[in-house]
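Source file: coords32.csv. Holds: CSV, C-alpha atoms.
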```csv
chain,number,residue,atom,x,y,z
A,104,MET,CA,-41.6,124.1,190.2
A,105,LYS,CA,-44.3,123.7,192.8
A,106,ILE,CA,-46.5,121.6,190.5
A,107,GLN,CA,-43.6,119.3,189.7
A,108,LEU,CA,-42.8,118.9,193.4
A,109,TYR,CA,-46.5,118.1,194.1
A,110,ILE,CA,-46.5,115.4,191.4
A,111,LEU,CA,-43.2,114.0,192.6
A,112,ARG,CA,-44.4,113.9,196.2
A,113,THR,CA,-47.8,112.3,195.2
A,114,VAL,CA,-46.3,109.6,192.9
A,115,GLY,CA,-43.2,109.0,195.1
A,116,THR,CA,-45.1,108.5,198.3
A,117,ARG,CA,-47.6,106.1,196.6
A,118,VAL,CA,-44.8,104.1,195.0
A,119,LEU,CA,-42.9,103.9,198.3
A,120,GLY,CA,-46.0,102.9,200.2
A,121,ALA,CA,-46.9,100.2,197.7
A,122,GLY,CA,-43.3,99.0,197.7
A,123,LEU,CA,-43.2,98.7,201.4
A,124,ILE,CA,-46.5,96.8,201.6
A,125,LEU,CA,-45.5,94.4,198.8
A,126,PHE,CA,-42.0,93.9,200.3
A,127,SER,CA,-43.5,93.2,203.7
A,128,ILE,CA,-45.8,90.6,202.2
A,129,LEU,CA,-43.1,88.8,200.4
A,130,GLN,CA,-40.8,89.0,203.4
A,131,ILE,CA,-43.4,87.5,205.7
A,132,LEU,CA,-44.2,84.7,203.2
A,133,ASP,CA,-40.5,83.9,202.8
A,134,LEU,CA,-40.0,83.9,206.6
A,135,LEU,CA,-43.0,81.6,207.1
A,136,GLU,CA,-41.1,78.9,205.2
A,137,VAL,CA,-37.8,79.2,207.1
A,138,THR,CA,-38.5,80.6,210.6
A,139,THR,CA,-39.2,77.2,212.1
A,140,ASP,CA,-35.9,75.8,210.7
A,141,ILE,CA,-33.9,78.8,211.9
A,142,LEU,CA,-35.3,78.5,215.4
A,143,ASP,CA,-34.8,74.7,215.5
A,144,ARG,CA,-31.1,75.3,214.7
A,145,GLY,CA,-30.9,77.5,217.9
A,146,LEU,CA,-30.2,80.7,216.0
A,147,GLY,CA,-33.1,82.6,217.6
A,148,THR,CA,-34.5,86.0,216.6
A,149,ALA,CA,-31.1,87.2,215.5
A,150,GLY,CA,-30.9,84.4,213.0
A,151,VAL,CA,-34.3,85.3,211.6
A,152,LEU,CA,-33.3,89.0,211.2
A,153,TYR,CA,-30.0,88.0,209.7
A,154,TYR,CA,-31.8,85.8,207.1
A,155,ALA,CA,-34.3,88.6,206.3
A,156,ALA,CA,-31.5,91.1,205.8
A,157,LEU,CA,-29.6,88.9,203.4
A,158,ARG,CA,-32.8,88.1,201.4
A,159,SER,CA,-33.9,91.7,201.2
A,160,PRO,CA,-32.0,92.6,198.0
A,161,ARG,CA,-33.7,89.9,196.0
A,162,LEU,CA,-37.1,90.8,197.3
A,163,ILE,CA,-36.6,94.5,196.4
A,164,GLU,CA,-35.6,93.4,192.9
A,165,GLN,CA,-38.9,91.5,192.6
A,166,VAL,CA,-41.1,94.2,194.1
A,167,ALA,CA,-39.7,97.2,192.2
A,168,PRO,CA,-41.8,96.9,189.0
A,169,ILE,CA,-45.0,96.0,190.7
A,170,ALA,CA,-44.6,98.8,193.2
A,171,ALA,CA,-44.2,101.3,190.3
A,172,LEU,CA,-47.4,100.0,188.8
A,173,ALA,CA,-49.5,100.0,192.0
A,174,GLY,CA,-48.1,103.3,193.2
A,175,GLY,CA,-48.6,104.9,189.8
A,176,LEU,CA,-52.2,103.8,189.6
A,177,LEU,CA,-52.9,105.1,193.0
A,178,ALA,CA,-51.2,108.4,192.5
A,179,PHE,CA,-52.7,109.2,189.0
A,180,SER,CA,-56.1,108.1,190.1
A,181,GLN,CA,-55.9,110.5,193.1
A,182,LEU,CA,-54.8,113.3,190.8
A,183,ALA,CA,-57.7,112.6,188.5
A,184,ARG,CA,-60.3,112.4,191.3
A,185,GLU,CA,-59.2,115.6,192.8
A,186,SER,CA,-59.4,117.3,189.4
A,187,ALA,CA,-55.8,118.3,189.8
A,188,ILE,CA,-55.1,117.1,186.3
A,189,ILE,CA,-57.9,119.3,184.9
A,190,ALA,CA,-56.5,122.3,186.7
A,191,MET,CA,-53.0,121.7,185.4
A,192,ARG,CA,-54.2,121.2,181.8
A,193,ALA,CA,-56.2,124.4,182.1
A,194,THR,CA,-52.9,126.3,182.8
A,195,GLY,CA,-51.5,124.9,179.6
A,196,ILE,CA,-49.6,121.9,181.0
A,197,SER,CA,-50.1,118.9,178.7
A,198,ALA,CA,-50.6,115.3,179.9
A,199,TYR,CA,-47.2,114.4,178.5
A,200,ARG,CA,-45.5,117.0,180.6
A,201,ILE,CA,-47.4,115.8,183.7
A,202,VAL,CA,-46.2,112.2,183.1
A,203,GLY,CA,-42.7,113.6,182.5
A,204,MET,CA,-42.7,115.3,185.9
A,205,ALA,CA,-43.3,111.9,187.5
A,206,LEU,CA,-40.5,110.1,185.6
A,207,PRO,CA,-37.7,110.9,188.2
A,208,VAL,CA,-39.5,108.6,190.6
A,209,ALA,CA,-39.3,105.8,188.0
A,210,PHE,CA,-35.6,106.5,187.4
A,211,LEU,CA,-34.9,106.4,191.1
A,212,VAL,CA,-36.6,103.0,191.5
A,213,MET,CA,-34.8,101.8,188.4
A,214,ALA,CA,-31.4,102.7,190.0
A,215,LEU,CA,-32.4,100.9,193.2
A,216,ASP,CA,-33.5,97.8,191.2
A,217,PHE,CA,-30.3,97.7,189.2
A,218,SER,CA,-28.1,98.2,192.4
A,219,CYS,CA,-29.9,95.4,194.2
A,220,ALA,CA,-29.7,93.0,191.3
A,221,GLN,CA,-26.2,93.6,190.0
A,222,VAL,CA,-24.3,94.9,193.1
A,223,VAL,CA,-25.8,94.0,196.4
A,224,ALA,CA,-27.5,90.6,195.8
A,225,PRO,CA,-24.5,89.0,194.2
A,226,ARG,CA,-22.6,89.7,197.4
A,227,THR,CA,-25.3,88.7,199.9
A,228,ASP,CA,-26.4,85.5,198.1
A,229,PRO,CA,-23.1,83.6,198.7
A,230,VAL,CA,-23.1,84.8,202.3
A,231,LEU,CA,-26.6,83.5,202.8
A,232,SER,CA,-25.9,80.2,201.1
A,233,ASP,CA,-22.7,79.6,203.2
A,234,TRP,CA,-24.5,80.6,206.4
A,235,TRP,CA,-27.5,78.3,205.7
A,236,ARG,CA,-25.2,75.4,204.8
A,237,ALA,CA,-23.0,75.9,207.8
A,238,THR,CA,-26.0,76.0,210.2
A,239,THR,CA,-27.7,72.9,208.7
A,240,PRO,CA,-27.5,69.9,211.1
A,241,VAL,CA,-24.9,67.4,209.9
A,242,ALA,CA,-27.6,64.7,209.5
A,243,GLU,CA,-29.6,66.9,207.2
A,244,ARG,CA,-26.8,68.1,205.0
A,245,LYS,CA,-27.0,67.1,201.4
A,246,ASP,CA,-24.1,66.8,199.0
A,247,PRO,CA,-24.8,69.2,196.1
A,248,GLY,CA,-22.9,66.8,193.8
A,249,PRO,CA,-20.2,67.7,191.2
A,250,ARG,CA,-20.5,70.5,188.7
A,251,SER,CA,-19.4,70.3,185.1
A,252,PHE,CA,-18.8,73.5,183.1
A,253,ARG,CA,-16.6,75.1,180.5
A,254,ALA,CA,-13.7,77.3,181.3
A,255,GLY,CA,-12.1,78.6,178.2
A,256,ASP,CA,-11.2,75.6,176.0
A,257,ASP,CA,-11.2,73.2,179.0
A,258,LEU,CA,-14.1,71.0,180.2
A,259,VAL,CA,-14.1,70.9,184.0
A,260,ILE,CA,-15.7,68.7,186.6
A,261,ALA,CA,-15.3,69.7,190.2
A,262,ALA,CA,-16.8,67.9,193.2
A,263,SER,CA,-17.3,71.1,195.3
A,264,ALA,CA,-16.0,74.6,195.9
A,265,SER,CA,-15.4,76.9,198.8
A,266,GLY,CA,-17.8,79.6,199.6
A,267,ASP,CA,-15.5,82.4,198.5
A,268,GLY,CA,-14.9,80.7,195.1
A,269,ARG,CA,-11.2,80.5,195.6
A,270,THR,CA,-10.9,76.7,195.9
A,271,LEU,CA,-12.2,73.8,193.8
A,272,ASN,CA,-12.1,70.3,195.1
A,273,ALA,CA,-11.5,67.0,193.2
A,274,VAL,CA,-10.9,68.8,189.9
A,275,LYS,CA,-10.8,67.0,186.5
A,276,LEU,CA,-9.8,68.9,183.4
A,277,TYR,CA,-10.4,67.6,179.9
A,278,ARG,CA,-8.7,69.1,176.8
A,279,ARG,CA,-9.5,68.3,173.2
A,280,ASP,CA,-7.9,69.0,169.9
A,281,LYS,CA,-9.6,71.0,167.1
A,282,ALA,CA,-11.2,67.8,165.8
A,283,GLY,CA,-12.8,67.2,169.3
A,284,ARG,CA,-10.7,64.3,170.3
A,285,LEU,CA,-9.5,64.0,173.9
A,286,VAL,CA,-5.8,64.7,174.1
A,287,GLU,CA,-5.2,65.4,177.8
A,288,ARG,CA,-6.8,64.8,181.2
A,289,ILE,CA,-5.6,66.4,184.4
A,290,GLU,CA,-6.8,65.3,187.8
A,291,ALA,CA,-6.0,67.2,191.0
A,292,PRO,CA,-7.3,67.0,194.6
A,293,SER,CA,-7.8,70.8,194.5
A,294,ALA,CA,-7.3,74.0,192.6
A,295,VAL,CA,-6.5,77.3,194.3
A,296,TYR,CA,-7.2,80.8,193.0
A,297,ALA,CA,-4.7,83.4,194.1
A,298,HIS,CA,-3.1,86.5,192.6
A,299,GLY,CA,-5.5,86.4,189.6
A,300,GLY,CA,-4.7,82.9,188.5
A,301,TRP,CA,-5.4,79.2,189.3
A,302,THR,CA,-2.9,76.6,190.6
A,303,LEU,CA,-3.5,72.9,190.5
A,304,VAL,CA,-2.3,71.1,193.7
A,305,LYS,CA,-0.6,67.7,193.2
A,306,PRO,CA,-2.0,67.2,189.6
A,307,THR,CA,-1.7,64.0,187.6
A,308,THR,CA,-1.7,64.5,183.9
A,309,ALA,CA,-2.6,61.8,181.3
A,310,ARG,CA,-1.7,62.6,177.7
A,311,PHE,CA,-3.3,60.6,174.9
A,312,ASN,CA,-1.5,60.0,171.6
A,313,GLY,CA,-3.4,57.4,169.7
A,314,ALA,CA,-3.2,54.2,171.7
A,315,GLN,CA,-0.4,55.5,173.8
A,316,THR,CA,-1.0,57.2,177.2
A,317,THR,CA,1.7,59.1,179.1
A,318,MET,CA,1.3,59.8,182.8
A,319,THR,CA,3.1,62.6,184.7
A,320,SER,CA,2.8,64.1,188.1
A,321,ALA,CA,3.8,67.3,189.7
A,322,ALA,CA,3.6,69.1,193.1
A,323,ARG,CA,1.9,72.1,191.5
A,324,LEU,CA,0.8,73.2,188.1
A,325,THR,CA,-0.3,76.6,186.8
A,326,TRP,CA,-3.7,76.4,185.2
A,327,PRO,CA,-4.1,79.3,182.7
A,328,SER,CA,-7.9,79.9,182.7
A,329,PRO,CA,-10.2,82.9,182.4
A,330,LEU,CA,-12.3,81.4,185.2
A,331,HIS,CA,-12.8,83.9,188.0
A,332,ARG,CA,-13.7,83.1,191.6
A,333,GLN,CA,-17.0,84.9,191.2
A,334,ASP,CA,-17.8,82.5,188.3
A,335,VAL,CA,-17.2,79.6,190.7
A,336,GLN,CA,-19.5,81.1,193.2
A,337,ALA,CA,-22.2,81.5,190.6
A,338,LEU,CA,-21.7,78.0,189.2
A,339,PHE,CA,-21.9,76.3,192.6
A,340,ALA,CA,-24.8,78.4,194.0
A,341,ASP,CA,-28.0,76.7,194.9
A,342,SER,CA,-30.0,79.0,192.5
A,343,PRO,CA,-27.5,80.7,190.3
A,344,VAL,CA,-28.6,84.1,188.9
A,345,PRO,CA,-25.9,85.4,186.5
A,346,THR,CA,-25.1,89.1,186.8
A,347,ALA,CA,-24.0,91.2,183.9
A,348,ALA,CA,-20.4,90.7,184.9
A,349,THR,CA,-20.6,86.8,185.2
A,350,ALA,CA,-22.6,86.6,182.0
A,351,ARG,CA,-20.1,88.7,180.1
A,352,ARG,CA,-17.2,86.6,181.4
A,353,ALA,CA,-19.0,83.4,180.3
A,354,LEU,CA,-19.4,84.9,176.8
A,355,LEU,CA,-15.6,85.6,176.9
A,356,ASN,CA,-14.8,81.9,177.5
A,357,GLY,CA,-15.1,82.2,181.3
A,358,GLY,CA,-16.9,79.6,183.4
A,359,GLY,CA,-20.3,78.6,182.0
A,360,ASP,CA,-22.6,75.6,182.0
A,361,ARG,CA,-25.3,76.9,179.8
A,362,PRO,CA,-25.7,77.7,176.1
A,363,VAL,CA,-24.3,81.0,174.7
A,364,SER,CA,-27.9,82.2,174.1
A,365,TYR,CA,-28.6,81.9,177.8
A,366,TYR,CA,-25.7,84.2,178.8
A,367,GLU,CA,-26.4,86.7,176.0
A,368,THR,CA,-30.0,87.0,177.2
A,369,ARG,CA,-29.0,87.3,180.8
A,370,PHE,CA,-26.4,90.0,180.0
A,371,LEU,CA,-28.9,92.1,178.1
A,372,SER,CA,-31.6,91.5,180.8
A,373,ALA,CA,-29.3,93.0,183.4
A,374,PHE,CA,-29.7,96.4,181.7
A,375,ALA,CA,-33.2,96.0,180.3
A,376,GLY,CA,-34.7,94.6,183.5
A,377,PRO,CA,-34.9,97.9,185.4
A,378,PHE,CA,-36.8,99.4,182.4
A,379,ALA,CA,-39.8,97.3,183.5
A,380,THR,CA,-40.3,99.9,186.2
A,381,LEU,CA,-40.5,102.7,183.6
A,382,VAL,CA,-42.9,100.7,181.5
A,383,MET,CA,-45.1,100.0,184.6
A,384,LEU,CA,-45.3,103.8,185.3
A,385,LEU,CA,-46.2,104.5,181.7
A,386,LEU,CA,-49.0,101.8,181.8
A,387,ALA,CA,-50.4,103.6,184.9
A,388,ALA,CA,-50.3,107.1,183.3
A,389,PRO,CA,-53.5,106.9,181.2
A,390,VAL,CA,-55.5,106.8,184.5
A,391,ALA,CA,-54.6,110.4,185.1
A,392,LEU,CA,-56.9,111.4,182.2
A,393,ALA,CA,-59.8,109.2,183.2
A,394,ASN,CA,-63.3,110.6,184.0
A,395,PHE,CA,-64.2,108.9,187.2
A,396,ARG,CA,-67.7,110.3,187.2
A,397,SER,CA,-68.6,108.3,184.0
A,398,GLY,CA,-67.0,105.1,185.2
A,399,GLN,CA,-64.0,105.5,182.8
A,400,GLY,CA,-61.7,105.6,185.8
A,401,ALA,CA,-62.6,102.1,187.0
A,402,VAL,CA,-62.1,100.7,183.4
A,403,LEU,CA,-58.6,102.4,183.1
A,404,LEU,CA,-57.6,101.3,186.5
A,405,SER,CA,-58.5,97.7,185.8
A,406,GLY,CA,-56.9,97.9,182.3
A,407,GLY,CA,-53.7,99.4,183.7
A,408,LEU,CA,-53.4,96.7,186.3
A,409,ALA,CA,-54.1,93.9,183.8
A,410,ALA,CA,-51.7,95.4,181.3
A,411,GLY,CA,-48.9,95.5,183.9
A,412,LEU,CA,-49.5,91.9,184.9
A,413,ILE,CA,-49.7,90.7,181.3
A,414,PHE,CA,-46.4,92.6,180.6
A,415,LEU,CA,-44.7,90.7,183.4
A,416,VAL,CA,-45.9,87.4,182.0
A,417,VAL,CA,-45.0,88.2,178.4
A,418,ASN,CA,-41.6,89.6,179.4
A,419,GLY,CA,-40.8,86.4,181.3
A,420,LEU,CA,-42.0,84.2,178.4
A,421,LEU,CA,-39.9,86.1,175.9
A,422,SER,CA,-36.8,85.9,178.1
A,423,ALA,CA,-37.2,82.2,178.5
A,424,LEU,CA,-37.4,81.8,174.7
A,425,GLY,CA,-34.3,83.9,174.4
A,426,GLU,CA,-32.4,81.9,177.0
A,427,GLY,CA,-33.4,78.7,175.2
A,428,GLY,CA,-32.1,80.0,171.8
A,429,MET,CA,-35.5,80.0,170.2
A,430,LEU,CA,-35.6,83.8,169.9
A,431,SER,CA,-33.0,86.5,169.3
A,432,PRO,CA,-31.6,87.7,172.7
A,433,ALA,CA,-32.1,91.3,171.8
A,434,LEU,CA,-35.7,90.7,170.7
A,435,ALA,CA,-36.4,88.6,173.8
A,436,VAL,CA,-35.2,91.2,176.2
A,437,TRP,CA,-36.4,94.4,174.6
A,438,GLY,CA,-39.5,93.2,172.8
A,439,GLY,CA,-41.8,93.2,175.8
A,440,PRO,CA,-40.8,96.7,177.1
A,441,VAL,CA,-40.9,98.3,173.7
A,442,ILE,CA,-44.3,96.9,172.8
A,443,PHE,CA,-46.0,97.7,176.1
A,444,ALA,CA,-44.4,101.1,176.3
A,445,ALA,CA,-45.8,101.8,172.8
A,446,LEU,CA,-49.2,100.6,173.9
A,447,ALA,CA,-49.1,102.9,176.9
A,448,ALA,CA,-48.0,105.9,174.8
A,449,TYR,CA,-50.8,105.1,172.3
A,450,ALA,CA,-53.4,105.0,175.1
A,451,LEU,CA,-52.1,108.3,176.5
A,452,ILE,CA,-52.2,110.0,173.1
A,453,ALA,CA,-55.7,108.8,172.4
A,454,LEU,CA,-57.0,110.1,175.7
A,455,GLU,CA,-55.1,113.4,175.4
A,456,GLY,CA,-56.6,113.9,171.9
```

Would you mind giving the structure from this file in C-alpha cells?
Amino acid sequence: MKIQLYILRTVGTRVLGAGLILFSILQILDLLEVTTDILDRGLGTAGVLYYAALRSPRLIEQVAPIAALAGGLLAFSQLARESAIIAMRATGISAYRIVGMALPVAFLVMALDFSCAQVVAPRTDPVLSDWWRATTPVAERKDPGPRSFRAGDDLVIAASASGDGRTLNAVKLYRRDKAGRLVERIEAPSAVYAHGGWTLVKPTTARFNGAQTTMTSAARLTWPSPLHRQDVQALFADSPVPTAATARRALLNGGGDRPVSYYETRFLSAFAGPFATLVMLLLAAPVALANFRSGQGAVLLSGGLAAGLIFLVVNGLLSALGEGGMLSPALAVWGGPVIFAALAAYALIALEG
C-alpha cells in the first residue's frame, strides 16, 4: 500500500504540476489576444477574470493529454534515476504492476477531461458567446448571417437565434415529398421553443401542387420537430463543437448542418477522446525501465515525447478523415489510441524482458 501511494503521489503531483504550467501558458496566450479588447470595452479586470473563467473548461480539455504525457515522463524518469524502480522490482513487483499503480491518476484526468468537454464547456461556451456579443461596440458588431440546417425531414433557414436557443428569427421551412420535389414552404417571423415543442408565430404557408400554389396564414402553428434548443445553440455558435448529446440528436434527425459521418465521428470521439490521456501515460511508462547511466534514459525520454506528439497529430488526422466520410468513424476514432497503446505496451514488454 505504501508503494502504491508513493507512486500515485509521485505521478499525480508531476501530472498536476505539468497541467498547471501548460494551462497557465495557454491561458496567458489566450488573454494576450483579448485583454486589450476587454479593457477598451470598459469591463476592467473583472471582465478579464470573467472571460478567463469561462474559457477555462476548453483549455483544460486541451491540456489534459499533454499534461499526462509530460507529468508521466517526469515522474517515471525520477523513479528510474532514484533507482526506486530497481528496488521495487527486487521485491518481486513487475513493471506492469508499477504502471498499473499509476493508472488511477490517468483515470482521474480522463474523468476531468470528459466532464469539461461534455458537461461544463457546453454550458459556458454559450454564456461566453452571448457576453462577448453583448459587450461588442455597436459599430463593430457583425451579422453572423443566416444558418441553414436539417431538422427531421424539414430543411430550415433561420436568420438568427436567441442565446438560450429558444427563439429562431426569420424562419423558413421547406418540405419535400419522397421524390425530392418541394411541396410546402412555411415562412414565419419567429419560432419559439416552449414545453418541449416549437411554435411558429404568424406563419404563412405556401403549398405547391404542380403549377398551382395555395397560400394560407395563421396566428400560430405547431411545428413538430425533434430540434432541441441546445441544437440551436450549437448550430448558431461561433465555433460549434458538438457534444455527444447534440451529435446523437443530429443522428436521430435532430438539427444538423453536416454529413452523417461528421456526427458519427464526433459522437464516438466524445467517449474515445479522454482515452488519449491513458495512451499518453502508457507512452511515458517505458522511461521507468531506462538506464540513465548508459544514456538510454535520454533516448526513451525523447522517444516518449515524440511518440506522444505524433499520436496527437495522427489522432487528429484520422478524426478529420472520419468526419469527412473517407474513413470509418470507429476506425478513425479508435485507430490512433489502439495503435499507440499497442506500441507502448510492446516497448514496455521489450524492456521488461

- Residues within 10 Å of Pro389 of chain A, all atoms listed in the file, excluding chain neighbours under 6 positions, as a PyMOL selection string: chain A and resi 176+179-180+198+202+400+403-404+406-407+447-455

- Item | Point (-41.4, 111.2, 190.6) neighbourhood (6 Å, all atoms listed in the file) written as a list in words | Leu111, Val114, Gly115, Ala205, Leu206, Pro207 and Val208 of chain A

- Contact residues around segment 408-411 of chain A with all atoms listed in the file at 9 Å, ignoring same-chain residues under 4 positions, as an NGL selection string: :A and (168-169 or 172-173 or 176 or 382-383 or 386-387 or 403-404 or 415-416 or 443)

Let me see the file: selected residues, C-alpha atoms, as a compact mmCIF listing (two decimals), keeping the file's coordinate frame.
```
# COMPACT_ATOMS: atom_id res chain seq x y z
CA PRO A 168 -41.80 96.90 189.00
CA ILE A 169 -45.00 96.00 190.70
CA LEU A 172 -47.40 100.00 188.80
CA ALA A 173 -49.50 100.00 192.00
CA LEU A 176 -52.20 103.80 189.60
CA VAL A 382 -42.90 100.70 181.50
CA MET A 383 -45.10 100.00 184.60
CA LEU A 386 -49.00 101.80 181.80
CA ALA A 387 -50.40 103.60 184.90
CA LEU A 403 -58.60 102.40 183.10
CA LEU A 404 -57.60 101.30 186.50
CA LEU A 415 -44.70 90.70 183.40
CA VAL A 416 -45.90 87.40 182.00
CA PHE A 443 -46.00 97.70 176.10
```

- Interatomic distance between atom CA of Arg236 of chain A and atom CA of Val137 of chain A?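 Atom-to-atom, atom CA of Arg236 of chain A and atom CA of Val137 of chain A are spaced 13.4 Å apart.
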
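The nearest approach to Trp234 of chain A among the residues A:Gly266, A:Gly145, A:Ser431, A:Gly439, with all atoms listed in the file taken into account, belongs to A:Gly266.
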
- Task: Return the single residue from A:Leu330, A:Val274, A:Ile189, A:Leu392 that is closest to Ala297 of chain A, with distances computed using only C-alpha atoms.
- Result: A:Leu330

- Query: Which residues, written as a count of residues only, have at least one atom at most 10 Å from Gln165 of chain A, with only C-alpha atoms counted and residues fewer than 5 positions away on the same chain left out?
  - Reply: 9

- Query: atom CA of Leu231 of chain A to atom CA of Ser293 of chain A: how many Å, to one decimal?
  - Reply: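 Going from atom CA of Leu231 of chain A over to atom CA of Ser293 of chain A covers 24.2 Å.
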
- Note on the structure: Using only C-alpha atoms, the best pick from A:Met213, A:Leu132, A:Leu108, A:Ala264 as closest to Ile163 of chain A would be A:Met213

- Query: For Gly427 of chain A, which of A:Thr380, A:Tyr366, A:Leu276, A:Ala444 is the closest residue, counting all atoms listed in the file?
  - Reply: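 So, comparing all the options, the nearest one is A:Tyr366.
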
- Closest to Phe378 of chain A among A:Leu324, A:Ile201, A:Leu135, A:Ala214, using all atoms listed in the file?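 Checking each candidate against Phe378 of chain A, we get A:Ala214 as the closest.
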
- Message: Please list as a PyMOL selection string every residue within 9 Å of segment 440-442 of chain A, counting all atoms listed in the file and excluding residues in the same chain fewer than 4 positions away.
- Response: chain A and resi 375+378-379+381-382+414+418+436+446-447

What's the 9 Å shell around Arg184 of chain A, counting all atoms listed in the file, without same-chain residues fewer than 2 positions away, as a PDB file with C-alpha atoms, in the frame of the given file?
```
ATOM      1  CA  PHE A 179     -52.700 109.200 189.000  1.00  0.00           C
ATOM      2  CA  SER A 180     -56.100 108.100 190.100  1.00  0.00           C
ATOM      3  CA  GLN A 181     -55.900 110.500 193.100  1.00  0.00           C
ATOM      4  CA  LEU A 182     -54.800 113.300 190.800  1.00  0.00           C
ATOM      5  CA  SER A 186     -59.400 117.300 189.400  1.00  0.00           C
ATOM      6  CA  ALA A 187     -55.800 118.300 189.800  1.00  0.00           C
ATOM      7  CA  ILE A 188     -55.100 117.100 186.300  1.00  0.00           C
ATOM      8  CA  ALA A 391     -54.600 110.400 185.100  1.00  0.00           C
ATOM      9  CA  ALA A 393     -59.800 109.200 183.200  1.00  0.00           C
ATOM     10  CA  ASN A 394     -63.300 110.600 184.000  1.00  0.00           C
ATOM     11  CA  PHE A 395     -64.200 108.900 187.200  1.00  0.00           C
ATOM     12  CA  ARG A 396     -67.700 110.300 187.200  1.00  0.00           C
ATOM     13  CA  GLY A 400     -61.700 105.600 185.800  1.00  0.00           C
TER      14      GLY A 400
END
```

- Query: How far is it from atom CA of Val304 of chain A to atom CA of Pro229 of chain A, in Å with one decimal?
  - Reply: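 So the two atoms, atom CA of Val304 of chain A and atom CA of Pro229 of chain A, lie 24.8 Å apart.
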
Cut-off 10 Å: closest segment 294-389 of chain A/segment 251-262 of chain A atom pairs per residue, using all atoms listed in the file, as a tab-separated table:
```
residue	atom	partner	partner_atom	distance
A:Ala294	CA	A:Ala261	CA	9.4
A:Pro327	CA	A:Gly255	CA	9.2
A:Ser328	CA	A:Gly255	CA	6.3
A:Pro329	CA	A:Gly255	CA	6.3
A:Leu330	CA	A:Ala254	CA	5.8
A:His331	CA	A:Ala254	CA	9.4
A:Asp334	CA	A:Ala254	CA	9.6
A:Val335	CA	A:Phe252	CA	9.9
A:Leu338	CA	A:Phe252	CA	8.1
A:Phe339	CA	A:Ala261	CA	9.6
A:Arg352	CA	A:Ala254	CA	9.9
A:Ala353	CA	A:Ala254	CA	8.1
A:Leu354	CA	A:Gly255	CA	9.7
A:Leu355	CA	A:Gly255	CA	7.9
A:Asn356	CA	A:Gly255	CA	4.3
A:Gly357	CA	A:Ala254	CA	5.1
A:Gly358	CA	A:Ala254	CA	4.5
A:Gly359	CA	A:Arg253	CA	5.3
A:Asp360	CA	A:Phe252	CA	4.5
A:Arg361	CA	A:Phe252	CA	8.0
```

- Message: Let me make sure I understand: among A:Trp437, A:Gln333, A:Lys275, A:Lys281, which one has the smallest atom-to-atom distance to Thr307 of chain A if we use all atoms listed in the file?
- Response: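 Using all atoms listed in the file, Thr307 of chain A sits closest to A:Lys275.
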
Can you fill out segment 307-321 of chain A with N, CA and C atoms and hand it back as an mmCIF file, in the frame of the given file?
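Now in part_11.cif:
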```cif
data_model
loop_
_atom_site.group_PDB
_atom_site.id
_atom_site.type_symbol
_atom_site.label_atom_id
_atom_site.label_comp_id
_atom_site.auth_asym_id
_atom_site.auth_seq_id
_atom_site.Cartn_x
_atom_site.Cartn_y
_atom_site.Cartn_z
ATOM 1 N N THR A 307 -2.150 65.128 188.421
ATOM 2 C CA THR A 307 -1.700 64.000 187.600
ATOM 3 C C THR A 307 -2.230 64.172 186.212
ATOM 4 N N THR A 308 -1.315 64.183 185.261
ATOM 5 C CA THR A 308 -1.700 64.500 183.900
ATOM 6 C C THR A 308 -1.570 63.227 183.026
ATOM 7 N N ALA A 309 -2.589 62.960 182.248
ATOM 8 C CA ALA A 309 -2.600 61.800 181.300
ATOM 9 C C ALA A 309 -2.724 62.416 179.901
ATOM 10 N N ARG A 310 -1.678 62.170 179.061
ATOM 11 C CA ARG A 310 -1.700 62.600 177.700
ATOM 12 C C ARG A 310 -1.947 61.462 176.754
ATOM 13 N N PHE A 311 -2.880 61.662 175.843
ATOM 14 C CA PHE A 311 -3.300 60.600 174.900
ATOM 15 C C PHE A 311 -2.776 60.868 173.543
ATOM 16 N N ASN A 312 -2.046 59.939 173.009
ATOM 17 C CA ASN A 312 -1.500 60.000 171.600
ATOM 18 C C ASN A 312 -1.806 58.717 170.936
ATOM 19 N N GLY A 313 -2.982 58.659 170.331
ATOM 20 C CA GLY A 313 -3.400 57.400 169.700
ATOM 21 C C GLY A 313 -3.685 56.377 170.800
ATOM 22 N N ALA A 314 -3.046 55.224 170.692
ATOM 23 C CA ALA A 314 -3.200 54.200 171.700
ATOM 24 C C ALA A 314 -2.264 54.327 172.854
ATOM 25 N N GLN A 315 -1.373 55.290 172.792
ATOM 26 C CA GLN A 315 -0.400 55.500 173.800
ATOM 27 C C GLN A 315 -0.810 56.528 174.835
ATOM 28 N N THR A 316 -0.594 56.236 176.121
ATOM 29 C CA THR A 316 -1.000 57.200 177.200
ATOM 30 C C THR A 316 0.272 57.440 178.048
ATOM 31 N N THR A 317 0.560 58.719 178.254
ATOM 32 C CA THR A 317 1.700 59.100 179.100
ATOM 33 C C THR A 317 1.208 59.780 180.340
ATOM 34 N N MET A 318 1.697 59.298 181.484
ATOM 35 C CA MET A 318 1.300 59.800 182.800
ATOM 36 C C MET A 318 2.421 60.582 183.427
ATOM 37 N N THR A 319 2.118 61.770 183.949
ATOM 38 C CA THR A 319 3.100 62.600 184.700
ATOM 39 C C THR A 319 2.444 63.165 185.906
ATOM 40 N N SER A 320 3.283 63.480 186.895
ATOM 41 C CA SER A 320 2.800 64.100 188.100
ATOM 42 C C SER A 320 3.645 65.273 188.488
ATOM 43 N N ALA A 321 3.076 66.145 189.314
ATOM 44 C CA ALA A 321 3.800 67.300 189.700
ATOM 45 C C ALA A 321 3.256 67.779 191.093
#
```
